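structure.pdb (PDB, C-alpha atoms)
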```pdb
ATOM      1  CA  MET A   8      17.356   6.507  16.250
ATOM      2  CA  ASP A   9      19.002   3.136  15.648
ATOM      3  CA  LYS A  10      18.648   1.512  12.270
ATOM      4  CA  PHE A  11      15.688  -0.828  11.785
ATOM      5  CA  LEU A  12      17.221  -3.113   9.212
ATOM      6  CA  GLY A  13      20.043  -5.379  10.281
ATOM      7  CA  ALA A  14      22.896  -6.234   7.909
ATOM      8  CA  ASP A  15      21.424  -9.688   7.193
ATOM      9  CA  VAL A  16      18.003  -8.299   6.248
ATOM     10  CA  GLU A  17      19.609  -5.606   4.087
ATOM     11  CA  LYS A  18      21.589  -8.280   2.258
ATOM     12  CA  GLN A  19      18.434 -10.353   1.606
ATOM     13  CA  VAL A  20      16.456  -7.341   0.424
ATOM     14  CA  ARG A  21      19.309  -6.232  -1.869
ATOM     15  CA  GLU A  22      19.231  -9.666  -3.506
ATOM     16  CA  ILE A  23      15.458  -9.392  -4.063
ATOM     17  CA  PHE A  24      15.887  -5.842  -5.387
ATOM     18  CA  ALA A  25      18.159  -7.191  -8.143
ATOM     19  CA  ASP A  26      14.834  -7.958  -9.887
ATOM     20  CA  LEU A  27      13.677  -4.323  -9.815
ATOM     21  CA  LYS A  28      13.231  -2.969 -13.341
ATOM     22  CA  GLU A  29      11.719   0.517 -13.464
ATOM     23  CA  PRO A  30      11.863   3.345 -10.908
ATOM     24  CA  VAL A  31       9.421   3.458  -8.013
ATOM     25  CA  ALA A  32       8.764   6.511  -5.864
ATOM     26  CA  VAL A  33       7.586   5.859  -2.330
ATOM     27  CA  VAL A  34       5.359   8.830  -1.512
ATOM     28  CA  PHE A  35       5.036   9.231   2.252
ATOM     29  CA  PHE A  36       2.444  11.315   4.103
ATOM     30  CA  GLY A  37       2.961  12.265   7.724
ATOM     31  CA  SER A  38       1.072  14.820   9.775
ATOM     32  CA  LYS A  39       2.274  17.570  12.074
ATOM     33  CA  ILE A  40      -1.106  18.407  13.574
ATOM     34  CA  GLN A  41      -2.319  14.861  14.118
ATOM     35  CA  HIS A  42      -1.007  12.626  16.822
ATOM     36  CA  CYS A  43       1.198  10.560  14.530
ATOM     37  CA  GLU A  44       2.718   7.948  16.760
ATOM     38  CA  TYR A  45       4.896   6.176  14.226
ATOM     39  CA  CYS A  46       5.487   8.810  11.524
ATOM     40  CA  LYS A  47       9.198   9.226  12.284
ATOM     41  CA  GLU A  48       9.769   5.482  12.514
ATOM     42  CA  ILE A  49       7.992   4.721   9.239
ATOM     43  CA  HIS A  50       9.832   7.494   7.420
ATOM     44  CA  GLN A  51      13.134   6.150   8.674
ATOM     45  CA  LEU A  52      12.273   2.559   7.761
ATOM     46  CA  LEU A  53      11.306   3.673   4.242
ATOM     47  CA  SER A  54      14.549   5.673   3.951
ATOM     48  CA  GLU A  55      16.523   2.574   4.811
ATOM     49  CA  VAL A  56      14.608   0.483   2.244
ATOM     50  CA  VAL A  57      14.915   2.930  -0.690
ATOM     51  CA  ALA A  58      18.642   3.302   0.044
ATOM     52  CA  LEU A  59      19.064  -0.332  -1.017
ATOM     53  CA  SER A  60      18.367   0.323  -4.717
ATOM     54  CA  ALA A  61      19.052   3.118  -7.192
ATOM     55  CA  ASN A  62      15.606   2.401  -8.673
ATOM     56  CA  LEU A  63      13.864   3.548  -5.490
ATOM     57  CA  SER A  64      13.278   7.035  -4.110
ATOM     58  CA  LEU A  65      11.342   8.564  -1.248
ATOM     59  CA  GLU A  66       9.253  11.727  -1.174
ATOM     60  CA  ALA A  67       7.720  13.035   2.040
ATOM     61  CA  TYR A  68       4.641  15.239   2.415
ATOM     62  CA  ASP A  69       2.315  16.421   5.133
ATOM     63  CA  LEU A  70      -1.303  15.247   4.902
ATOM     64  CA  GLU A  71      -2.727  18.656   5.797
ATOM     65  CA  GLU A  72      -0.078  21.073   4.486
ATOM     66  CA  ASP A  73       0.195  19.220   1.182
ATOM     67  CA  ALA A  74      -3.518  18.450   0.852
ATOM     68  CA  ALA A  75      -3.459  18.738  -2.947
ATOM     69  CA  VAL A  76      -0.712  16.120  -3.238
ATOM     70  CA  ALA A  77      -2.574  13.830  -0.828
ATOM     71  CA  ALA A  78      -5.739  14.195  -2.924
ATOM     72  CA  ARG A  79      -3.831  13.394  -6.115
ATOM     73  CA  PHE A  80      -2.635  10.148  -4.524
ATOM     74  CA  ARG A  81      -6.030   9.437  -2.901
ATOM     75  CA  VAL A  82      -4.490   9.432   0.575
ATOM     76  CA  ASP A  83      -6.718  10.423   3.498
ATOM     77  CA  LYS A  84      -4.860   9.261   6.591
ATOM     78  CA  ALA A  85      -1.420   9.522   8.151
ATOM     79  CA  PRO A  86       0.942   7.807   8.360
ATOM     80  CA  SER A  87       0.463   6.407   4.862
ATOM     81  CA  PHE A  88       2.632   5.857   1.841
ATOM     82  CA  VAL A  89       1.961   5.139  -1.806
ATOM     83  CA  LEU A  90       4.016   2.888  -4.073
ATOM     84  CA  ALA A  91       4.028   5.158  -7.132
ATOM     85  CA  ALA A  92       5.478   4.505 -10.570
ATOM     86  CA  ARG A  93       8.169   6.990 -11.524
ATOM     87  CA  ASN A  94       8.496   7.587 -15.251
ATOM     88  CA  GLY A  95      11.086  10.281 -15.785
ATOM     89  CA  ASP A  96       9.824  13.368 -13.980
ATOM     90  CA  LEU A  97       6.316  11.934 -13.724
ATOM     91  CA  VAL A  98       5.267  10.202 -10.518
ATOM     92  CA  GLU A  99       2.119   8.260 -11.287
ATOM     93  CA  ASP A 100      -0.457   7.201  -8.733
ATOM     94  CA  THR A 101      -1.048   3.451  -8.537
ATOM     95  CA  GLY A 102      -3.645   3.333  -5.777
ATOM     96  CA  VAL A 103      -1.359   0.997  -3.836
ATOM     97  CA  ILE A 104      -1.317   2.464  -0.341
ATOM     98  CA  PHE A 105       0.010   1.300   3.017
ATOM     99  CA  SER A 106      -1.340   2.907   6.183
ATOM    100  CA  GLY A 107       0.590   2.265   9.379
ATOM    101  CA  ILE A 108       3.952   0.677  10.026
ATOM    102  CA  PRO A 109       4.951  -2.130   7.626
ATOM    103  CA  ALA A 110       6.570  -4.472  10.125
ATOM    104  CA  GLN A 111       6.914  -8.266  10.193
ATOM    105  CA  TYR A 112       4.731  -9.853   7.478
ATOM    106  CA  GLU A 113       3.813  -6.437   6.152
ATOM    107  CA  PHE A 114       7.471  -5.780   5.466
ATOM    108  CA  THR A 115       7.291  -8.695   3.016
ATOM    109  CA  SER A 116       4.157  -7.156   1.456
ATOM    110  CA  LEU A 117       6.043  -3.878   1.082
ATOM    111  CA  ILE A 118       8.976  -5.554  -0.686
ATOM    112  CA  GLN A 119       6.592  -7.512  -2.948
ATOM    113  CA  GLY A 120       4.627  -4.346  -3.694
ATOM    114  CA  LEU A 121       7.812  -2.518  -4.678
ATOM    115  CA  LEU A 122       8.730  -5.404  -7.009
ATOM    116  CA  MET A 123       5.266  -5.404  -8.605
ATOM    117  CA  VAL A 124       5.235  -1.667  -9.309
ATOM    118  CA  SER A 125       8.860  -1.727 -10.474
ATOM    119  CA  GLN A 126       8.174  -4.567 -12.893
ATOM    120  CA  ARG A 127       5.024  -2.727 -14.038
ATOM    121  CA  ASP A 128       3.148  -6.014 -13.798
ATOM    122  CA  SER A 129       0.389  -6.925 -11.347
ATOM    123  CA  GLY A 130       0.935 -10.661 -11.878
ATOM    124  CA  LEU A 131      -2.863 -11.166 -11.959
ATOM    125  CA  ASN A 132      -4.429 -13.703 -14.308
ATOM    126  CA  PRO A 133      -5.843 -12.521 -17.661
ATOM    127  CA  ALA A 134      -9.511 -12.894 -16.637
ATOM    128  CA  THR A 135      -8.966 -10.703 -13.568
ATOM    129  CA  ARG A 136      -7.148  -8.075 -15.635
ATOM    130  CA  GLN A 137     -10.022  -8.040 -18.124
ATOM    131  CA  PHE A 138     -12.574  -7.616 -15.328
ATOM    132  CA  LEU A 139     -10.584  -4.754 -13.778
ATOM    133  CA  ALA A 140     -10.127  -2.996 -17.127
ATOM    134  CA  GLY A 141     -13.904  -2.968 -17.529
ATOM    135  CA  LEU A 142     -14.688  -1.351 -14.175
ATOM    136  CA  THR A 143     -16.768   1.806 -14.516
ATOM    137  CA  GLU A 144     -17.198   2.665 -10.836
ATOM    138  CA  PRO A 145     -14.707   3.067  -7.999
ATOM    139  CA  VAL A 146     -13.657   0.102  -5.887
ATOM    140  CA  HIS A 147     -12.070   0.848  -2.533
ATOM    141  CA  LEU A 148     -10.375  -2.151  -0.945
ATOM    142  CA  GLN A 149      -9.311  -1.839   2.670
ATOM    143  CA  VAL A 150      -7.241  -4.791   3.790
ATOM    144  CA  PHE A 151      -6.837  -4.813   7.565
ATOM    145  CA  ILE A 152      -3.657  -6.445   8.771
ATOM    146  CA  THR A 153      -1.544  -6.520  11.917
ATOM    147  CA  PRO A 154       2.221  -6.769  12.211
ATOM    148  CA  THR A 155       2.178 -10.071  14.112
TER     149      THR A 155
ATOM    150  CA  MET B   9      -5.716  -4.852  -8.609
ATOM    151  CA  ALA B  10      -5.181  -1.162  -7.935
ATOM    152  CA  TYR B  11      -2.200  -1.334 -10.238
ATOM    153  CA  GLU B  12      -4.415  -2.684 -13.053
ATOM    154  CA  SER B  13      -7.218  -0.135 -12.780
ATOM    155  CA  ARG B  14      -7.398   3.547 -11.911
ATOM    156  CA  MET B  15     -10.864   2.736 -10.516
ATOM    157  CA  VAL B  16      -9.330   0.662  -7.732
ATOM    158  CA  LYS B  17      -7.685   1.966  -4.588
ATOM    159  CA  ALA B  18      -6.139  -0.695  -2.353
ATOM    160  CA  GLU B  19      -5.146   0.235   1.157
ATOM    161  CA  MET B  20      -3.232  -2.053   3.468
ATOM    162  CA  ILE B  21      -4.256  -0.772   6.882
ATOM    163  CA  GLU B  22      -2.484  -1.621  10.115
ATOM    164  CA  ALA B  23      -5.449  -2.463  12.350
ATOM    165  CA  MET B  24      -3.844  -1.613  15.705
ATOM    166  CA  GLU B  25      -2.789   1.832  14.537
ATOM    167  CA  PHE B  26      -6.165   2.597  12.943
ATOM    168  CA  GLN B  27      -8.333   0.944  15.581
ATOM    169  CA  ASP B  28     -11.352   3.190  15.065
ATOM    170  CA  LEU B  29     -11.623   2.082  11.438
ATOM    171  CA  ALA B  30     -11.123  -1.554  12.395
ATOM    172  CA  VAL B  31     -13.904  -1.280  14.991
ATOM    173  CA  GLN B  32     -16.163   0.548  12.515
ATOM    174  CA  PHE B  33     -15.915  -2.390  10.085
ATOM    175  CA  GLY B  34     -16.131  -5.088  12.749
ATOM    176  CA  VAL B  35     -12.623  -6.365  12.204
ATOM    177  CA  SER B  36     -11.843  -9.019  14.816
ATOM    178  CA  GLY B  37      -9.252 -11.073  12.947
ATOM    179  CA  VAL B  38      -6.815 -10.388  10.151
ATOM    180  CA  PRO B  39      -6.571 -10.303   7.254
ATOM    181  CA  HIS B  40     -10.005  -8.773   6.776
ATOM    182  CA  THR B  41     -10.844  -7.096   3.477
ATOM    183  CA  VAL B  42     -13.564  -4.443   3.323
ATOM    184  CA  ILE B  43     -14.988  -3.503  -0.098
ATOM    185  CA  ASN B  44     -16.481  -0.024  -0.623
ATOM    186  CA  ALA B  45     -16.980   0.782   3.053
ATOM    187  CA  GLY B  46     -18.823  -2.420   3.891
ATOM    188  CA  ALA B  47     -20.731  -3.188   0.649
ATOM    189  CA  GLY B  48     -18.703  -6.391   0.685
ATOM    190  CA  GLU B  49     -16.101  -8.121   2.829
ATOM    191  CA  ILE B  50     -13.834 -11.120   3.043
ATOM    192  CA  VAL B  51     -12.730 -12.444   6.394
ATOM    193  CA  GLY B  52      -9.442 -14.315   6.116
ATOM    194  CA  ALA B  53      -7.352 -14.873   3.031
ATOM    195  CA  ALA B  54      -8.660 -13.313  -0.188
ATOM    196  CA  PRO B  55      -7.671 -15.355  -3.249
ATOM    197  CA  GLU B  56      -7.875 -13.542  -6.584
ATOM    198  CA  ASN B  57     -11.066 -15.250  -7.869
ATOM    199  CA  ARG B  58     -12.901 -14.828  -4.569
ATOM    200  CA  LEU B  59     -12.036 -11.148  -4.435
ATOM    201  CA  VAL B  60     -13.314 -10.614  -7.995
ATOM    202  CA  MET B  61     -16.598 -12.356  -7.036
ATOM    203  CA  GLU B  62     -17.007 -10.243  -3.917
ATOM    204  CA  ILE B  63     -16.336  -7.023  -5.850
ATOM    205  CA  GLN B  64     -18.950  -8.037  -8.438
ATOM    206  CA  GLN B  65     -21.480  -8.691  -5.658
ATOM    207  CA  ALA B  66     -20.650  -5.430  -3.897
ATOM    208  CA  LEU B  67     -21.081  -3.458  -7.140
ATOM    209  CA  LYS B  68     -24.099  -5.570  -8.168
ATOM    210  CA  ILE B  69     -22.595  -6.222 -11.604
TER     211      ILE B  69
END
```

Written as structure tokens, that's how I'd like the structure from this file.
Amino acid sequence: MDKFLGADVEKQVREIFADLKEPVAVVFFGSKIQHCEYCKEIHQLLSEVVALSANLSLEAYDLEEDAAVAARFRVDKAPSFVLAARNGDLVEDTGVIFSGIPAQYEFTSLIQGLLMVSQRDSGLNPATRQFLAGLTEPVHLQVFITPT
Amino acid sequence: MAYESRMVKAEMIEAMEFQDLAVQFGVSGVPHTVINAGAGEIVGAAPENRLVMEIQQALKI
């Protein structure tokens, strides 16, 4: 398979990644038994992205074969990947999940998401943080997007 | 938001690849944000304050 990221994009992303602070593990879930049209492509794209910074790493699992890992990261579909915070040997769930290929605008969301988790700062305003800290029941946000 | 609270799970879902889900929630344009499987929704951009309001309404808090 050819590379997804051209030299110019890699250069831009490397410059943005200069602001990464703490390690982030991208935890990918594919599926052997499901018809997973873009699993290979997404895994390759993620490999190319994490290769651009020593602060980034990639782990790959299978949604069905590694069901316990998927449950720990609250992942229920493939292809999906989680932007998890790596602290030493611990890989902590953040609940920040992408399902499907992160192309075009979503590629920007991916890069911004990596920055946010790496800086360990949501960037939200204090009132929003206070509201979120007080939540006592689960909130599941599903943001539908398309690559174009 | 997911980063701030363990209670929150935020999924960015590619609508073409997960068409069944998009159809289930009546997604016809993007972005389209669904809260707790349809208890709330925002069609179009979802600024921080608006999203907090919609979550409060969806949770009835």

- Task: Please provide the set of residues having any atom within 12 Å of Arg93 of chain A, restricted to all atoms listed in the file, with same-chain residues fewer than 3 positions apart removed, written as a ChimeraX atom specification.
- Result: /A:28-34,62-66,89-90,96-101,121,124-127

Please produce an output containing C-alpha atoms for each residue in the selection, written as an mmCIF file, in the coordinates of the input.
```cif
data_model
loop_
_atom_site.group_PDB
_atom_site.id
_atom_site.type_symbol
_atom_site.label_atom_id
_atom_site.label_comp_id
_atom_site.auth_asym_id
_atom_site.auth_seq_id
_atom_site.Cartn_x
_atom_site.Cartn_y
_atom_site.Cartn_z
ATOM 1 C CA LYS A 28 13.231 -2.969 -13.341
ATOM 2 C CA GLU A 29 11.719 0.517 -13.464
ATOM 3 C CA PRO A 30 11.863 3.345 -10.908
ATOM 4 C CA VAL A 31 9.421 3.458 -8.013
ATOM 5 C CA ALA A 32 8.764 6.511 -5.864
ATOM 6 C CA VAL A 33 7.586 5.859 -2.330
ATOM 7 C CA VAL A 34 5.359 8.830 -1.512
ATOM 8 C CA ASN A 62 15.606 2.401 -8.673
ATOM 9 C CA LEU A 63 13.864 3.548 -5.490
ATOM 10 C CA SER A 64 13.278 7.035 -4.110
ATOM 11 C CA LEU A 65 11.342 8.564 -1.248
ATOM 12 C CA GLU A 66 9.253 11.727 -1.174
ATOM 13 C CA VAL A 89 1.961 5.139 -1.806
ATOM 14 C CA LEU A 90 4.016 2.888 -4.073
ATOM 15 C CA ASP A 96 9.824 13.368 -13.980
ATOM 16 C CA LEU A 97 6.316 11.934 -13.724
ATOM 17 C CA VAL A 98 5.267 10.202 -10.518
ATOM 18 C CA GLU A 99 2.119 8.260 -11.287
ATOM 19 C CA ASP A 100 -0.457 7.201 -8.733
ATOM 20 C CA THR A 101 -1.048 3.451 -8.537
ATOM 21 C CA LEU A 121 7.812 -2.518 -4.678
ATOM 22 C CA VAL A 124 5.235 -1.667 -9.309
ATOM 23 C CA SER A 125 8.860 -1.727 -10.474
ATOM 24 C CA GLN A 126 8.174 -4.567 -12.893
ATOM 25 C CA ARG A 127 5.024 -2.727 -14.038
#
```

- Item | Polymer residues at most 9 Å from Ala53 of chain B, all atoms listed in the file, same-chain spacing of 6 or more positions, as number ranges by chain | B: 38-41

- Item | Using all atoms listed in the file: which of B:Gln27, B:Gln64, B:Ser36, B:Ser13 has the shortest distance to Val51 of chain B | B:Ser36

What are the nearest atom pairs, with distances in Å to one decimal, for all residues of chain B that come at most 7 Å from segment 133-153 of chain A, using only C-alpha atoms, set out by chain and rising residue number as a tab-separated table?
```
residue	atom	partner	partner_atom	distance
B:Glu12	CA	A:Leu139	CA	6.5
B:Ser13	CA	A:Leu139	CA	5.8
B:Met15	CA	A:Pro145	CA	4.6
B:Val16	CA	A:Val146	CA	4.7
B:Lys17	CA	A:His147	CA	5.0
B:Ala18	CA	A:Leu148	CA	4.7
B:Glu19	CA	A:Gln149	CA	4.9
B:Met20	CA	A:Val150	CA	4.9
B:Ile21	CA	A:Phe151	CA	4.8
B:Glu22	CA	A:Ile152	CA	5.1
B:Ala23	CA	A:Phe151	CA	5.5
B:Met24	CA	A:Thr153	CA	6.6
B:Val38	CA	A:Ile152	CA	5.2
B:Pro39	CA	A:Ile152	CA	5.1
B:His40	CA	A:Phe151	CA	5.1
B:Thr41	CA	A:Val150	CA	4.3
B:Val42	CA	A:Gln149	CA	5.0
B:Ile43	CA	A:Leu148	CA	4.9
B:Asn44	CA	A:His147	CA	4.9
```

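Of the listed residues (B:Ala54, B:Gly48, B:Gln32, B:Glu25), B:Glu25 comes nearest to chain A; the distances count only C-alpha atoms.
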
Report, as lines of an AutoDock Vina configuration file, the centre and edge lengths in Å (one decimal) of the axis-aligned box enclosing every listed atom of segment 70-75 of chain A, padded by 6 Å on each side.
```
center_x = -1.7
center_y = 18.2
center_z = 1.4
size_x = 15.7
size_y = 17.8
size_z = 20.7
```

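Every residue that the PyMOL selection byres ((chain A and resi 10-24) around 9) selects in this file is listed here: Met8, Asp9, Ala25, Asp26, Leu27, Lys28, Glu48, Gln51, Leu52, Glu55, Val56, Leu59, Ser60, Asn62, Ile118, Leu121 and Leu122 of chain A.
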
- Message: Can you tell me which residues surround Glu44 of chain A at a distance of at most 12 Å, considering all atoms listed in the file, apart from same-chain residues fewer than 4 positions away, and format the answer as a PyMOL selection string?
- Response: (chain A and resi 37-40+48-50+85-86+107-108) or (chain B and resi 24-26)

- Message: Please expand the PyMOL selection byres ((chain A and resi 36) around 6) into the concrete residues it hits in this file, giving the result as a PyMOL selection string.
- Response: chain A and resi 35+37+67-70+85-88
